[in-house]
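Data first, discussion second: the structure below is written as structure tokens.
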Amino acid sequence: MCGLEALAVNEAEKHSENRFDALWFSGLCCSAFKGMPDNEYTDFSTRLRDIENIFAVSDKPLIVDMDTGGMTTHLCRHISELEKTGVSGIVVEDKTGLKQNSLYGTGAVHIMENSDVFSEKIYHSKKSIQSNEFMIFARTESLIAGETIEKALCRTDKYIEAGADGIVIHSVRSDGSDVFGFASEFRKKHEHIPLVFIPTAYHTFSGDELFEKGADVVIYANQLMRSAYKAMISQAVFILENNRTDESACEPVGNILNAIDGKEF
């Protein structure tokens, strides 16, 4: 999520009776918009400036992807800064070492953090919060790393005990079967703990279907960025092949100026 994407959300809501409940600040998108790899290379101060740009154009709640969160002491400090900015919550994932994007699946090496160590990170992060409204979601990468549903459940039990306000379960399976299997078992023990799905891989399911399968929150994590990239490539190819632009594929510049300046062009 960047400032322009937030403006696009505002504009989309003008043309629909439906609304987005919140915005998602994606680690992948934050890195990709800068042409950087999604391995926590982008420093926190840069992310903080991007977050401030979003709040300059949107008053929606914002959930921030903190990747692994880094060292616990640093994460606690970052939480303090995010609270002051107006962020509503963060998601922290239970991997360690050089973070690899989850969507690589088994094509990359995902090093899982010891669940007790990660639970300590959650515990101290929760203790550092100043506002009762700020939430910390623990994201388990068990299914991404090839661990079993049972192992994922053992991990999330510990994270909830440590104080996590909710759980994010992620998978790269296109049928979503492992996520749905996890959700079914999770609900038997944690009836009221928020459970978050990120259906990038299993995108054929509607939001209503995902809620029926156990989700409380559905995050569409990177679709706006990916749509923009596809359109940029298409326009660049058209310019190369035709020595002119395809204005039919472009949003009128006046609409962009209106969205940014808030006045008619």
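Residues are named by chain letter and number: chains run A, B, ... in the order of the structure tokens, numbers start at 1 in each chain, and ligands are numbered from 1 in the order shown.
Here the strand (DSSP E or B) residues in region 131-254 of chain A, by DSSP on the backbone, are Met135, Ile136, Phe137, Ala138, Arg139, Thr140, Gly166, Ile167, Val168, Ile169, Leu195, Val196, Phe197, Val217 and Val218 of chain A.
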Region 136-142 of chain A environment, 6 Å, only C-alpha atoms, sequence neighbours closer than 6 positions dropped, as a ChimeraX atom specification
/A:89-94,152,164-169
Check: Between CA of Ile198 (chain A) and CA of Asp116 (chain A), what is the spacing in Å?
Finding: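 The value is 24.6 Å.
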What separation in Å, quoted to one decimal, exists between CA of Ser31 (chain A) and CA of Ile51 (chain A)?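 Spanning CA of Ser31 (chain A) to CA of Ile51 (chain A) is a straight-line distance of 13.2 Å.
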- request: Would you mind listing what lies within 10 Å of region 118-120 of chain A as a PyMOL selection string, with only C-alpha atoms counted and same-chain residues fewer than 2 positions away left out?
  value: chain A and resi 68+72+92-96+112-116+122-126+138+155-164
ask   = DSSP on the backbone: what in region 22-242 of chain A comes out helix (DSSP H, G or I), as number ranges by chain?
value = A: 27-32, 44-55, 72-85, 102-107, 115-128, 149-161, 177-189, 207-212, 223-242
Point to revise | Option closest in space to Asn222 (chain A), from A:Ser80, A:Thr73, A:Ser26, A:Thr148 [counting only C-alpha atoms] | key: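 With only C-alpha atoms as the atom set, the closest residue is A:Ser26.
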- Message: Quick one: residues within 10 Å of Ala249 (chain A), only C-alpha atoms, excluding same-chain residues fewer than 6 positions away - as a VMD selection string?
- Response: chain A and resid 231 to 232 234 to 235
